[in-house]
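Undergrad: Here you go, run.txt (compact mmCIF, C-alpha atoms and all ligand atoms):
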```
# COMPACT_ATOMS: atom_id res chain seq x y z
CA MET A 1 10.67 30.18 52.03
CA SER A 2 8.72 27.03 51.39
CA ARG A 3 6.67 25.48 54.19
CA PHE A 4 7.56 22.04 52.83
CA GLN A 5 10.81 20.12 53.00
CA ILE A 6 11.76 17.27 50.71
CA VAL A 7 11.74 14.23 52.98
CA GLY A 8 14.23 11.36 52.40
CA GLU A 9 16.59 13.28 50.14
CA ALA A 10 19.98 12.82 51.83
CA ASP A 11 22.68 15.40 51.36
CA PRO A 12 24.90 13.85 48.65
CA ASP A 13 27.95 15.44 50.22
CA SER A 14 27.43 13.57 53.49
CA ASP A 15 28.07 10.21 51.80
CA PRO A 16 31.82 9.63 51.33
CA PHE A 17 31.11 7.27 48.45
CA ASP A 18 28.60 9.52 46.62
CA ARG A 19 30.81 10.23 43.61
CA GLN A 20 31.82 6.62 42.96
CA ARG A 21 28.21 5.43 43.42
CA ARG A 22 27.35 7.63 40.44
CA ILE A 23 29.25 5.18 38.19
CA GLU A 24 26.47 3.13 36.61
CA TRP A 25 27.78 -0.38 37.33
CA TRP A 26 29.25 0.48 40.76
CA LYS A 27 28.28 -1.80 43.69
CA GLN A 28 29.41 -0.15 46.90
CA ASP A 29 27.85 -2.98 48.94
CA ALA A 30 30.08 -5.47 47.13
CA LEU A 31 33.15 -3.49 48.20
CA THR A 32 31.90 -3.13 51.78
CA GLY A 33 31.32 -6.89 51.94
CA ALA A 34 34.62 -7.82 50.27
CA ARG A 35 37.54 -9.60 51.95
CA VAL A 36 40.79 -8.74 50.19
CA MET A 37 44.26 -10.05 51.02
CA VAL A 38 47.24 -7.86 50.13
CA MET A 39 50.44 -9.90 49.82
CA GLY A 40 53.41 -7.64 50.51
CA ALA A 41 53.46 -4.26 52.27
CA GLY A 42 56.21 -2.69 50.19
CA ALA A 43 55.90 0.08 47.60
CA ILE A 44 52.97 -1.49 45.69
CA GLY A 45 51.26 -2.86 48.81
CA ASN A 46 51.25 0.62 50.38
CA GLU A 47 49.57 2.13 47.33
CA VAL A 48 47.03 -0.68 47.06
CA LEU A 49 46.06 -0.57 50.75
CA LYS A 50 45.58 3.19 50.54
CA ASN A 51 43.36 2.70 47.46
CA LEU A 52 41.27 -0.08 49.05
CA ALA A 53 40.77 1.97 52.23
CA LEU A 54 39.53 4.99 50.26
CA LEU A 55 37.32 2.85 48.00
CA GLY A 56 35.53 1.49 51.06
CA VAL A 57 36.64 -2.17 50.99
CA GLY A 58 35.30 -3.70 54.21
CA TYR A 59 38.00 -6.20 55.16
CA MET A 60 41.70 -6.24 54.36
CA PHE A 61 44.41 -8.71 55.38
CA VAL A 62 48.01 -7.63 54.83
CA ALA A 63 50.96 -10.04 54.89
CA ASP A 64 54.69 -9.29 54.84
CA PHE A 65 57.85 -10.79 56.42
CA ASP A 66 59.98 -7.65 56.46
CA GLU A 67 60.68 -4.60 58.62
CA VAL A 68 60.53 -0.96 57.54
CA SER A 69 63.92 0.41 56.42
CA ARG A 70 64.96 3.97 55.52
CA SER A 71 65.24 2.97 51.85
CA ASN A 72 61.47 2.21 51.83
CA LEU A 73 60.42 5.71 52.85
CA SER A 74 60.58 7.30 49.38
CA ARG A 75 57.97 4.84 48.03
CA THR A 76 55.66 4.06 50.94
CA VAL A 77 52.82 6.45 51.68
CA LEU A 78 51.86 4.57 54.88
CA PHE A 79 55.30 4.62 56.57
CA ARG A 80 57.07 7.40 58.51
CA ALA A 81 60.73 7.80 59.53
CA GLY A 82 59.77 6.78 63.08
CA ASP A 83 58.57 3.38 61.79
CA VAL A 84 62.07 2.20 60.77
CA GLY A 85 62.68 -1.24 62.32
CA ARG A 86 58.97 -1.96 62.91
CA ARG A 87 57.10 -4.77 61.16
CA LYS A 88 55.80 -3.60 57.77
CA ALA A 89 52.54 -5.57 57.96
CA GLU A 90 51.69 -4.21 61.41
CA VAL A 91 52.43 -0.56 60.55
CA ALA A 92 50.63 -0.86 57.21
CA ALA A 93 47.55 -2.28 58.97
CA GLU A 94 47.52 0.56 61.55
CA ARG A 95 47.80 3.29 58.94
CA THR A 96 45.27 1.64 56.63
CA ARG A 97 42.76 1.57 59.50
CA ASP A 98 43.28 5.33 59.91
CA LEU A 99 42.61 5.88 56.19
CA CYS A 100 39.45 3.75 56.01
CA VAL A 101 36.51 5.90 55.00
CA ASP A 102 34.05 3.18 56.04
CA PRO A 103 34.02 3.25 59.87
CA GLY A 104 33.16 -0.47 59.97
CA ALA A 105 36.16 -1.52 57.87
CA GLN A 106 38.64 -3.96 59.45
CA VAL A 107 42.28 -4.77 58.81
CA ASP A 108 44.21 -7.83 60.05
CA TRP A 109 47.90 -8.45 59.45
CA PHE A 110 50.43 -11.25 59.31
CA HIS A 111 54.18 -10.95 59.86
CA GLY A 112 56.01 -13.97 58.51
CA ASP A 113 57.00 -16.13 55.60
CA ILE A 114 54.09 -16.19 53.14
CA VAL A 115 55.46 -19.29 51.36
CA TRP A 116 55.62 -21.54 54.45
CA ASP A 117 53.79 -19.93 57.37
CA LEU A 118 50.48 -18.70 55.96
CA GLY A 119 47.77 -21.39 56.00
CA ALA A 120 45.57 -22.22 53.01
CA GLY A 121 42.51 -21.47 55.19
CA VAL A 122 43.37 -17.75 55.01
CA PHE A 123 43.07 -17.94 51.22
CA ARG A 124 39.76 -19.83 51.51
CA ARG A 125 38.29 -16.91 53.43
CA MET A 126 39.24 -14.24 50.88
CA ASP A 127 37.28 -13.03 47.87
CA LEU A 128 40.41 -11.75 46.21
CA VAL A 129 44.20 -11.80 46.64
CA LEU A 130 46.40 -8.96 45.41
CA GLY A 131 50.06 -9.83 44.80
CA CYS A 132 52.25 -6.84 45.64
CA LEU A 133 55.42 -8.94 45.78
CA ASP A 134 59.03 -8.53 44.78
CA ASN A 135 60.07 -12.15 44.38
CA VAL A 136 59.34 -15.09 42.13
CA GLU A 137 59.15 -17.78 44.83
CA THR A 138 56.29 -16.15 46.72
CA ARG A 139 54.34 -15.53 43.50
CA TYR A 140 54.43 -19.26 42.71
CA ALA A 141 53.32 -20.11 46.25
CA VAL A 142 50.44 -17.59 46.11
CA ASN A 143 49.41 -18.90 42.69
CA ARG A 144 49.29 -22.49 43.94
CA LEU A 145 47.28 -21.56 47.04
CA CYS A 146 44.85 -19.44 45.00
CA TRP A 147 44.28 -22.35 42.61
CA LEU A 148 43.88 -24.86 45.43
CA THR A 149 41.29 -22.65 47.13
CA GLY A 150 39.65 -21.21 43.98
CA THR A 151 40.50 -17.61 44.91
CA PRO A 152 40.93 -14.98 42.16
CA TRP A 153 44.23 -13.15 42.30
CA ILE A 154 45.77 -10.13 40.64
CA ASP A 155 49.55 -9.91 40.46
CA ALA A 156 51.49 -6.69 39.97
CA GLY A 157 55.10 -5.99 39.06
CA ILE A 158 57.29 -2.95 38.41
CA PHE A 159 60.65 -2.29 36.84
CA GLU A 160 61.91 1.29 36.47
CA LEU A 161 58.95 3.06 34.82
CA GLY A 162 57.45 -0.16 33.46
CA VAL A 163 54.45 -1.65 35.24
CA ARG A 164 52.27 -4.72 34.71
CA VAL A 165 49.15 -6.26 36.22
CA ASN A 166 48.07 -9.88 35.55
CA VAL A 167 44.55 -11.10 36.41
CA TYR A 168 43.94 -14.78 37.22
CA VAL A 169 40.57 -16.32 38.04
CA PRO A 170 40.76 -20.04 38.89
CA PRO A 171 39.68 -22.55 37.75
CA LEU A 172 39.91 -20.76 34.39
CA PRO A 173 43.49 -21.03 33.04
CA PRO A 174 45.98 -19.47 32.45
CA CYS A 175 47.59 -19.30 35.87
CA HIS A 176 50.80 -17.58 36.89
CA SER A 177 52.81 -20.81 36.51
CA CYS A 178 51.59 -21.42 32.92
CA GLY A 179 54.08 -18.91 31.54
CA ALA A 180 57.02 -19.83 33.79
CA SER A 181 60.34 -20.29 32.01
CA SER A 182 63.00 -22.63 33.41
CA GLU A 183 65.04 -19.53 34.44
CA GLN A 184 62.08 -18.21 36.43
CA ARG A 185 61.59 -21.58 38.10
CA LYS A 186 65.28 -21.56 38.99
CA ALA A 187 64.96 -18.02 40.36
CA GLY A 188 62.12 -19.29 42.53
CA ARG A 189 64.62 -21.59 44.30
CA GLN A 190 67.22 -18.86 44.88
CA ARG A 191 66.56 -18.72 48.61
CA TYR A 192 67.58 -22.36 49.08
CA ALA A 193 70.86 -24.24 48.88
CA CYS A 194 70.89 -27.89 47.82
CA ASP A 195 68.93 -30.18 50.22
CA ALA A 196 66.28 -27.42 50.43
CA PHE A 197 68.04 -25.75 53.38
CA LYS A 198 67.78 -21.97 53.59
CA ARG A 199 70.75 -19.83 52.69
CA ARG A 200 71.65 -17.55 55.58
CA ALA A 201 73.25 -14.92 53.37
CA TYR A 202 70.77 -14.30 50.61
CA ASP A 203 70.57 -11.28 48.38
CA ALA A 204 66.86 -10.70 47.96
CA GLY A 205 67.48 -8.59 44.85
CA ARG A 206 66.75 -4.90 44.85
CA VAL A 207 64.73 -3.77 41.87
CA ALA A 208 65.34 -0.38 40.23
CA THR A 209 62.08 1.50 40.68
CA VAL A 210 60.42 4.68 41.85
CA GLN A 211 57.29 5.75 43.71
CA VAL A 212 55.45 6.95 40.58
CA ALA A 213 55.65 3.44 39.10
CA ALA A 214 54.28 1.91 42.33
CA ALA A 215 51.46 4.48 42.34
CA LEU A 216 50.57 3.69 38.72
CA VAL A 217 50.57 -0.06 39.15
CA GLY A 218 48.75 0.15 42.49
CA ALA A 219 46.01 2.16 40.77
CA LEU A 220 45.72 -0.32 37.87
CA GLN A 221 45.64 -3.25 40.29
CA ALA A 222 42.96 -1.65 42.49
CA GLN A 223 40.97 -0.78 39.37
CA GLU A 224 40.93 -4.42 38.21
CA ALA A 225 40.05 -5.44 41.79
CA VAL A 226 37.06 -3.09 41.81
CA LYS A 227 35.86 -4.41 38.44
CA LEU A 228 36.15 -7.99 39.60
CA LEU A 229 34.35 -7.33 42.91
CA CYS A 230 31.57 -5.28 41.24
CA GLY A 231 30.97 -7.95 38.57
CA LYS A 232 32.40 -5.81 35.78
CA LYS A 233 34.66 -7.80 33.45
CA PRO A 234 38.33 -7.36 34.43
CA ALA A 235 41.26 -8.31 32.17
CA VAL A 236 41.01 -12.02 33.09
CA GLY A 237 43.85 -14.15 31.71
CA ALA A 238 45.62 -11.05 30.42
CA GLN A 239 48.45 -8.73 31.32
CA VAL A 240 47.86 -4.98 31.42
CA TYR A 241 51.22 -3.42 30.60
CA TYR A 242 52.36 0.20 30.65
CA GLN A 243 55.85 1.54 29.92
CA GLY A 244 56.16 5.06 31.30
CA THR A 245 59.24 6.13 29.35
CA LEU A 246 57.60 5.67 25.93
CA HIS A 247 53.90 5.54 26.90
CA ASP A 248 53.49 2.08 25.45
CA PHE A 249 50.22 0.63 26.70
CA GLU A 250 49.08 -2.89 25.89
CA VAL A 251 46.71 -5.59 27.07
CA ILE A 252 48.48 -8.87 26.29
CA PRO A 253 46.62 -12.22 26.46
CA LEU A 254 48.52 -14.76 28.60
CA GLN A 255 49.25 -18.22 27.22
CA VAL A 256 47.65 -21.33 28.70
CA ASN A 257 50.08 -24.19 29.25
CA PRO A 258 48.05 -27.42 29.01
CA GLU A 259 50.91 -29.25 30.77
CA CYS A 260 50.88 -26.83 33.74
CA ASP A 261 50.78 -28.73 37.03
CA ALA A 262 49.32 -25.86 39.10
CA HIS A 263 45.65 -26.24 38.02
CA VAL A 264 44.72 -28.30 41.05
CA SER A 265 41.98 -27.45 43.51
CA PHE A 266 41.03 -28.94 46.88
CA PRO A 267 38.06 -31.26 46.72
CA GLU A 268 35.76 -30.85 49.74
CA VAL A 269 37.56 -29.31 52.74
CA ILE A 270 36.45 -30.53 56.18
CA PRO A 271 36.89 -28.03 59.03
CA VAL A 272 38.16 -29.50 62.31
CA PRO A 273 38.15 -27.59 65.62
CA LEU A 274 41.86 -28.28 66.17
CA GLY A 275 44.63 -25.74 65.58
CA SER A 276 48.28 -26.12 64.62
CA GLY A 277 49.13 -26.17 68.35
CA ALA A 278 47.60 -29.69 68.56
CA THR A 279 50.10 -32.54 68.68
CA LEU A 280 50.43 -34.89 65.73
CA ARG A 281 49.01 -37.66 67.95
CA GLU A 282 45.92 -35.58 68.91
CA PHE A 283 45.30 -34.74 65.26
CA LEU A 284 45.64 -38.32 64.00
CA VAL A 285 43.36 -39.63 66.77
CA TYR A 286 40.78 -36.92 65.99
CA VAL A 287 40.61 -37.36 62.22
CA GLY A 288 40.98 -41.12 62.54
CA HIS A 289 37.90 -41.34 64.73
CA SER A 290 35.84 -42.85 61.91
CA ASP A 291 38.59 -45.46 61.48
CA ARG A 292 38.32 -46.17 65.21
CA SER A 293 41.89 -46.21 66.61
CA GLY A 294 43.18 -43.77 63.99
CA GLU A 295 45.71 -46.36 62.89
CA GLY A 296 44.16 -46.42 59.46
CA VAL A 297 44.89 -42.75 58.74
CA VAL A 298 48.08 -41.23 57.36
CA LEU A 299 48.86 -37.50 57.37
CA GLU A 300 50.54 -36.75 54.04
CA LEU A 301 52.58 -33.58 53.63
CA ASP A 302 52.05 -32.74 49.96
CA ASP A 303 53.56 -29.27 49.91
CA ARG A 304 56.38 -29.61 52.45
CA SER A 305 58.55 -32.22 54.15
CA PHE A 306 60.04 -32.88 57.56
CA LEU A 307 63.65 -33.75 58.33
CA ALA A 308 64.25 -36.09 61.26
CA ASP A 309 67.95 -36.87 60.72
CA PHE A 310 70.46 -35.77 58.12
CA PRO A 311 74.07 -36.89 57.55
CA CYS A 312 76.72 -34.23 58.28
CA ARG A 313 78.05 -32.93 54.98
CA ASN A 314 81.63 -33.41 56.17
CA CYS A 315 81.77 -36.66 58.15
CA GLY A 316 78.45 -38.33 57.43
CA ASN A 317 77.42 -38.78 61.07
CA LEU A 318 73.72 -38.22 61.57
CA ILE A 319 72.50 -34.87 62.89
CA ARG A 320 69.10 -34.88 64.62
CA PHE A 321 67.02 -31.97 63.26
CA ASP A 322 63.34 -32.84 63.82
CA ARG A 323 62.42 -29.71 61.84
CA PRO A 324 61.13 -28.96 58.34
CA PRO A 325 63.96 -28.10 55.90
CA PHE A 326 62.66 -24.53 55.49
CA ARG A 327 63.56 -23.92 59.15
CA ILE A 328 67.11 -25.24 58.70
CA PHE A 329 69.94 -23.02 57.52
CA ASP A 330 72.55 -24.27 55.11
CA ASP A 331 75.40 -23.89 57.64
CA GLU A 332 73.62 -26.18 60.11
CA ALA A 333 74.30 -29.18 57.87
CA LEU A 334 77.65 -29.79 59.64
CA CYS A 335 77.79 -31.66 62.95
CA ALA A 336 79.17 -29.87 66.04
CA PRO A 337 82.69 -31.44 65.91
CA CYS A 338 83.02 -30.61 62.20
CA ARG A 339 81.85 -27.03 62.82
CA SER A 340 84.38 -26.54 65.61
CA GLY A 341 87.21 -27.84 63.41
CA ARG A 342 87.89 -31.01 65.41
CA PRO A 343 88.70 -34.07 63.29
CA PRO A 344 85.39 -35.79 62.56
CA ALA A 345 84.73 -39.36 63.57
CA PRO A 346 84.49 -41.72 60.58
CA PRO A 347 80.88 -41.99 59.41
CA PRO A 348 79.05 -45.15 60.34
CA GLU A 349 78.38 -47.54 57.48
CA GLY A 350 75.29 -46.95 55.40
CA VAL A 351 74.03 -43.84 57.19
CA VAL A 352 71.08 -42.25 55.42
CA GLY A 353 69.00 -39.28 56.48
CA ALA A 354 65.30 -39.48 57.17
CA LYS A 355 63.14 -37.03 55.25
CA LEU A 356 59.54 -37.69 56.20
CA GLY A 357 56.29 -36.85 54.49
CA ARG A 358 53.91 -39.52 55.87
CA PHE A 359 52.84 -39.80 59.51
CA SER A 360 50.66 -42.37 61.25
CA LEU A 361 50.05 -43.55 64.82
CA LYS A 362 51.45 -46.95 63.94
CA GLU A 363 54.64 -46.05 62.11
CA THR A 364 55.76 -42.60 63.29
CA PRO A 365 58.26 -42.55 66.22
CA PRO A 366 56.57 -41.49 69.51
CA ARG A 367 58.85 -38.43 69.93
CA LEU A 368 57.45 -37.04 66.66
CA LEU A 369 53.85 -37.89 67.58
CA ASP A 370 54.32 -35.58 70.59
CA LEU A 371 55.37 -32.62 68.39
CA SER A 372 52.80 -29.96 67.57
CA LEU A 373 51.65 -29.69 63.95
CA GLU A 374 53.31 -26.26 63.91
CA ALA A 375 56.67 -27.82 64.91
CA LEU A 376 56.13 -30.29 62.10
CA GLY A 377 55.99 -27.30 59.72
CA ILE A 378 52.21 -27.01 59.29
CA PRO A 379 51.08 -23.37 59.69
CA PRO A 380 47.95 -22.18 61.53
CA LEU A 381 44.68 -22.53 59.58
CA HIS A 382 46.32 -24.75 56.97
CA VAL A 383 44.56 -27.47 54.98
CA VAL A 384 46.24 -30.88 55.23
CA ALA A 385 45.74 -34.11 53.31
CA VAL A 386 44.94 -37.32 55.19
CA ARG A 387 44.66 -40.73 53.59
CA HIS A 388 42.04 -42.94 55.20
CA ARG A 389 42.59 -46.63 54.64
CA ARG A 390 38.83 -47.04 54.26
CA ASP A 391 37.96 -44.39 51.67
CA GLY A 392 41.03 -42.56 50.40
CA HIS A 393 42.03 -38.91 50.80
CA HIS A 394 40.26 -36.24 52.83
CA TYR A 395 41.32 -32.62 53.29
CA TYR A 396 41.07 -31.10 56.76
CA GLU A 397 41.33 -27.44 57.68
CA LEU A 398 42.77 -26.50 61.09
CA SER A 399 39.82 -24.19 61.72
CA GLY A 400 40.63 -23.90 65.43
CA ASP A 401 43.20 -21.25 64.46
CA GLU A 402 40.70 -18.86 62.82
CA ALA A 403 40.38 -16.39 65.70
CA ARG A 404 44.16 -16.28 66.15
CA VAL A 405 44.97 -15.67 62.47
CA LEU A 406 42.02 -13.46 61.48
CA PRO A 407 41.08 -11.78 64.78
CA THR A 408 38.78 -9.06 63.44
CA LEU A 409 37.19 -10.86 60.53
CA ALA A 410 33.47 -10.28 60.91
CA ARG A 411 31.19 -13.27 61.32
CA ARG A 412 29.55 -13.06 57.95
CA PRO A 413 29.08 -16.08 55.70
CA SER A 414 32.31 -16.67 53.85
CA ARG A 415 33.20 -18.90 50.94
CA ALA A 416 34.88 -21.24 53.45
CA GLU A 417 31.51 -21.68 55.19
CA GLY A 418 29.78 -22.44 51.92
CA GLY A 419 28.50 -18.92 51.18
CA PRO A 420 29.01 -17.23 47.83
CA PRO A 421 31.97 -14.90 47.33
CA SER A 422 30.65 -11.55 48.46
CA GLY A 423 29.71 -9.24 45.65
CA GLN A 424 31.40 -11.27 42.97
CA GLY A 425 29.50 -11.40 39.73
CA PRO A 426 29.92 -13.89 36.94
CA ILE A 427 33.42 -13.93 35.56
CA ALA A 428 33.81 -13.68 31.83
CA GLY A 429 36.40 -15.48 29.73
CA PRO A 430 39.83 -14.19 28.81
CA THR A 431 39.84 -10.66 27.41
CA GLU A 432 39.90 -10.41 23.63
CA VAL A 433 42.52 -7.96 22.49
ZN ZN B 1 48.95 -22.83 34.85
ZN ZN B 2 80.52 -33.95 60.91
```
As structure tokens - that is how I would like this structure written.
Ligand SMILES: [Zn+2]
Ligand SMILES: [Zn+2]
TA:
Amino acid sequence: MSRFQIVGEADPDSDPFDRQRRIEWWKQDALTGARVMVMGAGAIGNEVLKNLALLGVGYMFVADFDEVSRSNLSRTVLFRAGDVGRRKAEVAAERTRDLCVDPGAQVDWFHGDIVWDLGAGVFRRMDLVLGCLDNVETRYAVNRLCWLTGTPWIDAGIFELGVRVNVYVPPLPPCHSCGASSEQRKAGRQRYACDAFKRRAYDAGRVATVQVAAALVGALQAQEAVKLLCGKKPAVGAQVYYQGTLHDFEVIPLQVNPECDAHVSFPEVIPVPLGSGATLREFLVYVGHSDRSGEGVVLELDDRSFLADFPCRNCGNLIRFDRPPFRIFDDEALCAPCRSGRPPAPPPEGVVGAKLGRFSLKETPPRLLDLSLEALGIPPLHVVAVRHRRDGHHYYELSGDEARVLPTLARRPSRAEGGPPSGQGPIAGPTEV
């Protein structure tokens, strides 16, 4: 037996990431430092979260609006029969934490409507967004927010044994909206009746699929995520497509639409210490400070609107809503007498509804100035546009909500604080096929 020991040679089997570190271009530190948002905790989201946890990704944020149902259990590795009825995002976050190989890894979750209730500031804090969605509307919303905030995103889709992964890296087109047909745009509005009210009975569409397809696409999506985070060229601006019945495999370049209206990014974003719980009045006074009384500033809702009053569809009498249309159901557009079947009063002459998108201390009714920004339809940590009479538009982030929305996000420099995206190398142009 030798008297000498080799000092500093760690046992390779004590490092959980030893085998992947042996890949020449691998950057484990980039994965440990990465912040990745997983949109959707269904079949694909389950696979992707499992993959990210095993790969050693340091921070994950999972968003979903739905609850676990029995029909999910055949495709969702993170859910158990006892989870039926619980919130998907919450259960997925718990189980992902259990699977994390890196003991310092963190997972936050969001239960709610991704289209309307997830603030742009969440996107600003992510290095990468993974779309594990089953509907067209949310994909468009995610695409827009990723472009606004300059966040790369990888979208996945499945149908039967066919799977696809699309990689988008703003500001480099194409984006997800570039290839949208008019039918797809129409499908994106399926959840709404006319007047932008929500349909109460809405068939979300149940796609024919199976766990093996979700596992395949989740693996492809995580693979492109790893390449992007480690600075290895992913299939940017392309679709990776695999058809399991015939073993067709293709990498298809995506078309750029020069007319596409989604290639818009925020100019400078100014963080303010207020949250969406602040009243409209408090917000306008705060951001209007440089214009003294705040009377020179106008909050402009670019991506949503607010409905003060709306004429009953039957009699035309005004109904007071004071809510954004996405919080109003289609069947609420009848006044109480009309709903109860009583003969409606004749509508007053010239009644028009009030759909609002501009708010100022001078012109907005006091009852609305006392509403919180959240009641106005602005989600926590969102970025809102304000026009200053003196020097035009400024974009403010409701940064006061950060601890509420992202409770475990470590205090490391993020892109939102001016730091570079963690571990992200230079991104190459669209893949040549
Ligand atoms: Zn586009
Ligand atoms: Zn009526």
Undergrad: Show me, as JSON lines, the residues of chain A having an atom within 9 Å of ligand ZN 1 (chain B), each with the closest atom pair and its distance in Å, using only C-alpha atoms and all ligand atoms.
TA:
```
{"residue": "A:Asn143", "atom": "CA", "partner": "B:ZN1", "partner_atom": "ZN", "distance": 8.8}
{"residue": "A:Pro173", "atom": "CA", "partner": "B:ZN1", "partner_atom": "ZN", "distance": 6.0}
{"residue": "A:Pro174", "atom": "CA", "partner": "B:ZN1", "partner_atom": "ZN", "distance": 5.1}
{"residue": "A:Cys175", "atom": "CA", "partner": "B:ZN1", "partner_atom": "ZN", "distance": 3.9}
{"residue": "A:His176", "atom": "CA", "partner": "B:ZN1", "partner_atom": "ZN", "distance": 5.9}
{"residue": "A:Ser177", "atom": "CA", "partner": "B:ZN1", "partner_atom": "ZN", "distance": 4.7}
{"residue": "A:Cys178", "atom": "CA", "partner": "B:ZN1", "partner_atom": "ZN", "distance": 3.6}
{"residue": "A:Gly179", "atom": "CA", "partner": "B:ZN1", "partner_atom": "ZN", "distance": 7.3}
{"residue": "A:Ala180", "atom": "CA", "partner": "B:ZN1", "partner_atom": "ZN", "distance": 8.7}
{"residue": "A:Gln255", "atom": "CA", "partner": "B:ZN1", "partner_atom": "ZN", "distance": 8.9}
{"residue": "A:Val256", "atom": "CA", "partner": "B:ZN1", "partner_atom": "ZN", "distance": 6.5}
{"residue": "A:Asn257", "atom": "CA", "partner": "B:ZN1", "partner_atom": "ZN", "distance": 5.9}
{"residue": "A:Pro258", "atom": "CA", "partner": "B:ZN1", "partner_atom": "ZN", "distance": 7.5}
{"residue": "A:Glu259", "atom": "CA", "partner": "B:ZN1", "partner_atom": "ZN", "distance": 7.9}
{"residue": "A:Cys260", "atom": "CA", "partner": "B:ZN1", "partner_atom": "ZN", "distance": 4.6}
{"residue": "A:Asp261", "atom": "CA", "partner": "B:ZN1", "partner_atom": "ZN", "distance": 6.6}
{"residue": "A:Ala262", "atom": "CA", "partner": "B:ZN1", "partner_atom": "ZN", "distance": 5.2}
{"residue": "A:His263", "atom": "CA", "partner": "B:ZN1", "partner_atom": "ZN", "distance": 5.7}
```
Undergrad: If we count only C-alpha atoms and set the cut-off at 12 Å, which residues sit around A:Arg387, ignoring sequence neighbours fewer than 6 positions away in its own chain? Please answer as a PyMOL selection string.
TA: chain A and resi 284+287-288+291+294-302+358-360+393-396
Undergrad: Write the residues of the preceding selection, restricted to C-alpha atoms, as a compact mmCIF listing (two decimals), in the coordinates of the input.
TA:
```
# COMPACT_ATOMS: atom_id res chain seq x y z
CA LEU A 284 45.64 -38.32 64.00
CA VAL A 287 40.61 -37.36 62.22
CA GLY A 288 40.98 -41.12 62.54
CA ASP A 291 38.59 -45.46 61.48
CA GLY A 294 43.18 -43.77 63.99
CA GLU A 295 45.71 -46.36 62.89
CA GLY A 296 44.16 -46.42 59.46
CA VAL A 297 44.89 -42.75 58.74
CA VAL A 298 48.08 -41.23 57.36
CA LEU A 299 48.86 -37.50 57.37
CA GLU A 300 50.54 -36.75 54.04
CA LEU A 301 52.58 -33.58 53.63
CA ASP A 302 52.05 -32.74 49.96
CA ARG A 358 53.91 -39.52 55.87
CA PHE A 359 52.84 -39.80 59.51
CA SER A 360 50.66 -42.37 61.25
CA HIS A 393 42.03 -38.91 50.80
CA HIS A 394 40.26 -36.24 52.83
CA TYR A 395 41.32 -32.62 53.29
CA TYR A 396 41.07 -31.10 56.76
```
Undergrad: Could you make a table, as JSON lines, of the residues of chain A that have an atom within 9 Å of an atom of ligand ZN 2 (chain B), each with its nearest atom pair and distance in Å to one decimal, counting only C-alpha atoms and all ligand atoms, in chain and number order?
TA:
```
{"residue": "A:Pro311", "atom": "CA", "partner": "B:ZN2", "partner_atom": "ZN", "distance": 7.8}
{"residue": "A:Cys312", "atom": "CA", "partner": "B:ZN2", "partner_atom": "ZN", "distance": 4.6}
{"residue": "A:Arg313", "atom": "CA", "partner": "B:ZN2", "partner_atom": "ZN", "distance": 6.5}
{"residue": "A:Asn314", "atom": "CA", "partner": "B:ZN2", "partner_atom": "ZN", "distance": 4.9}
{"residue": "A:Cys315", "atom": "CA", "partner": "B:ZN2", "partner_atom": "ZN", "distance": 4.1}
{"residue": "A:Gly316", "atom": "CA", "partner": "B:ZN2", "partner_atom": "ZN", "distance": 6.0}
{"residue": "A:Asn317", "atom": "CA", "partner": "B:ZN2", "partner_atom": "ZN", "distance": 5.7}
{"residue": "A:Leu318", "atom": "CA", "partner": "B:ZN2", "partner_atom": "ZN", "distance": 8.1}
{"residue": "A:Ile319", "atom": "CA", "partner": "B:ZN2", "partner_atom": "ZN", "distance": 8.3}
{"residue": "A:Ala333", "atom": "CA", "partner": "B:ZN2", "partner_atom": "ZN", "distance": 8.4}
{"residue": "A:Leu334", "atom": "CA", "partner": "B:ZN2", "partner_atom": "ZN", "distance": 5.2}
{"residue": "A:Cys335", "atom": "CA", "partner": "B:ZN2", "partner_atom": "ZN", "distance": 4.1}
{"residue": "A:Ala336", "atom": "CA", "partner": "B:ZN2", "partner_atom": "ZN", "distance": 6.7}
{"residue": "A:Pro337", "atom": "CA", "partner": "B:ZN2", "partner_atom": "ZN", "distance": 6.0}
{"residue": "A:Cys338", "atom": "CA", "partner": "B:ZN2", "partner_atom": "ZN", "distance": 4.4}
{"residue": "A:Arg339", "atom": "CA", "partner": "B:ZN2", "partner_atom": "ZN", "distance": 7.3}
{"residue": "A:Pro343", "atom": "CA", "partner": "B:ZN2", "partner_atom": "ZN", "distance": 8.5}
{"residue": "A:Pro344", "atom": "CA", "partner": "B:ZN2", "partner_atom": "ZN", "distance": 5.5}
{"residue": "A:Ala345", "atom": "CA", "partner": "B:ZN2", "partner_atom": "ZN", "distance": 7.4}
{"residue": "A:Pro346", "atom": "CA", "partner": "B:ZN2", "partner_atom": "ZN", "distance": 8.7}
{"residue": "A:Pro347", "atom": "CA", "partner": "B:ZN2", "partner_atom": "ZN", "distance": 8.2}
```
Undergrad: Would you list the residues near (58.4, -3.2, 60.7) (no more than 12 Å away, in the coordinates of the file, using all atoms listed in the file) as number ranges by chain?
TA: A: 41-42, 63-70, 72, 78-94, 109-112
Undergrad: Take atom CA of A:His388 and atom CA of A:Lys362 and report the distance between them in Å, one decimal.
TA: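 Going from atom CA of A:His388 over to atom CA of A:Lys362 covers 13.5 Å.
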Undergrad: Using all atoms listed in the file for the distances, tell me which of A:Asn135, A:Gln243, A:Leu130, A:Gly121 is nearest to A:Phe159.
TA: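 Going through A:Asn135, A:Gln243, A:Leu130, A:Gly121 one by one, the smallest distance to A:Phe159 is for A:Gln243.
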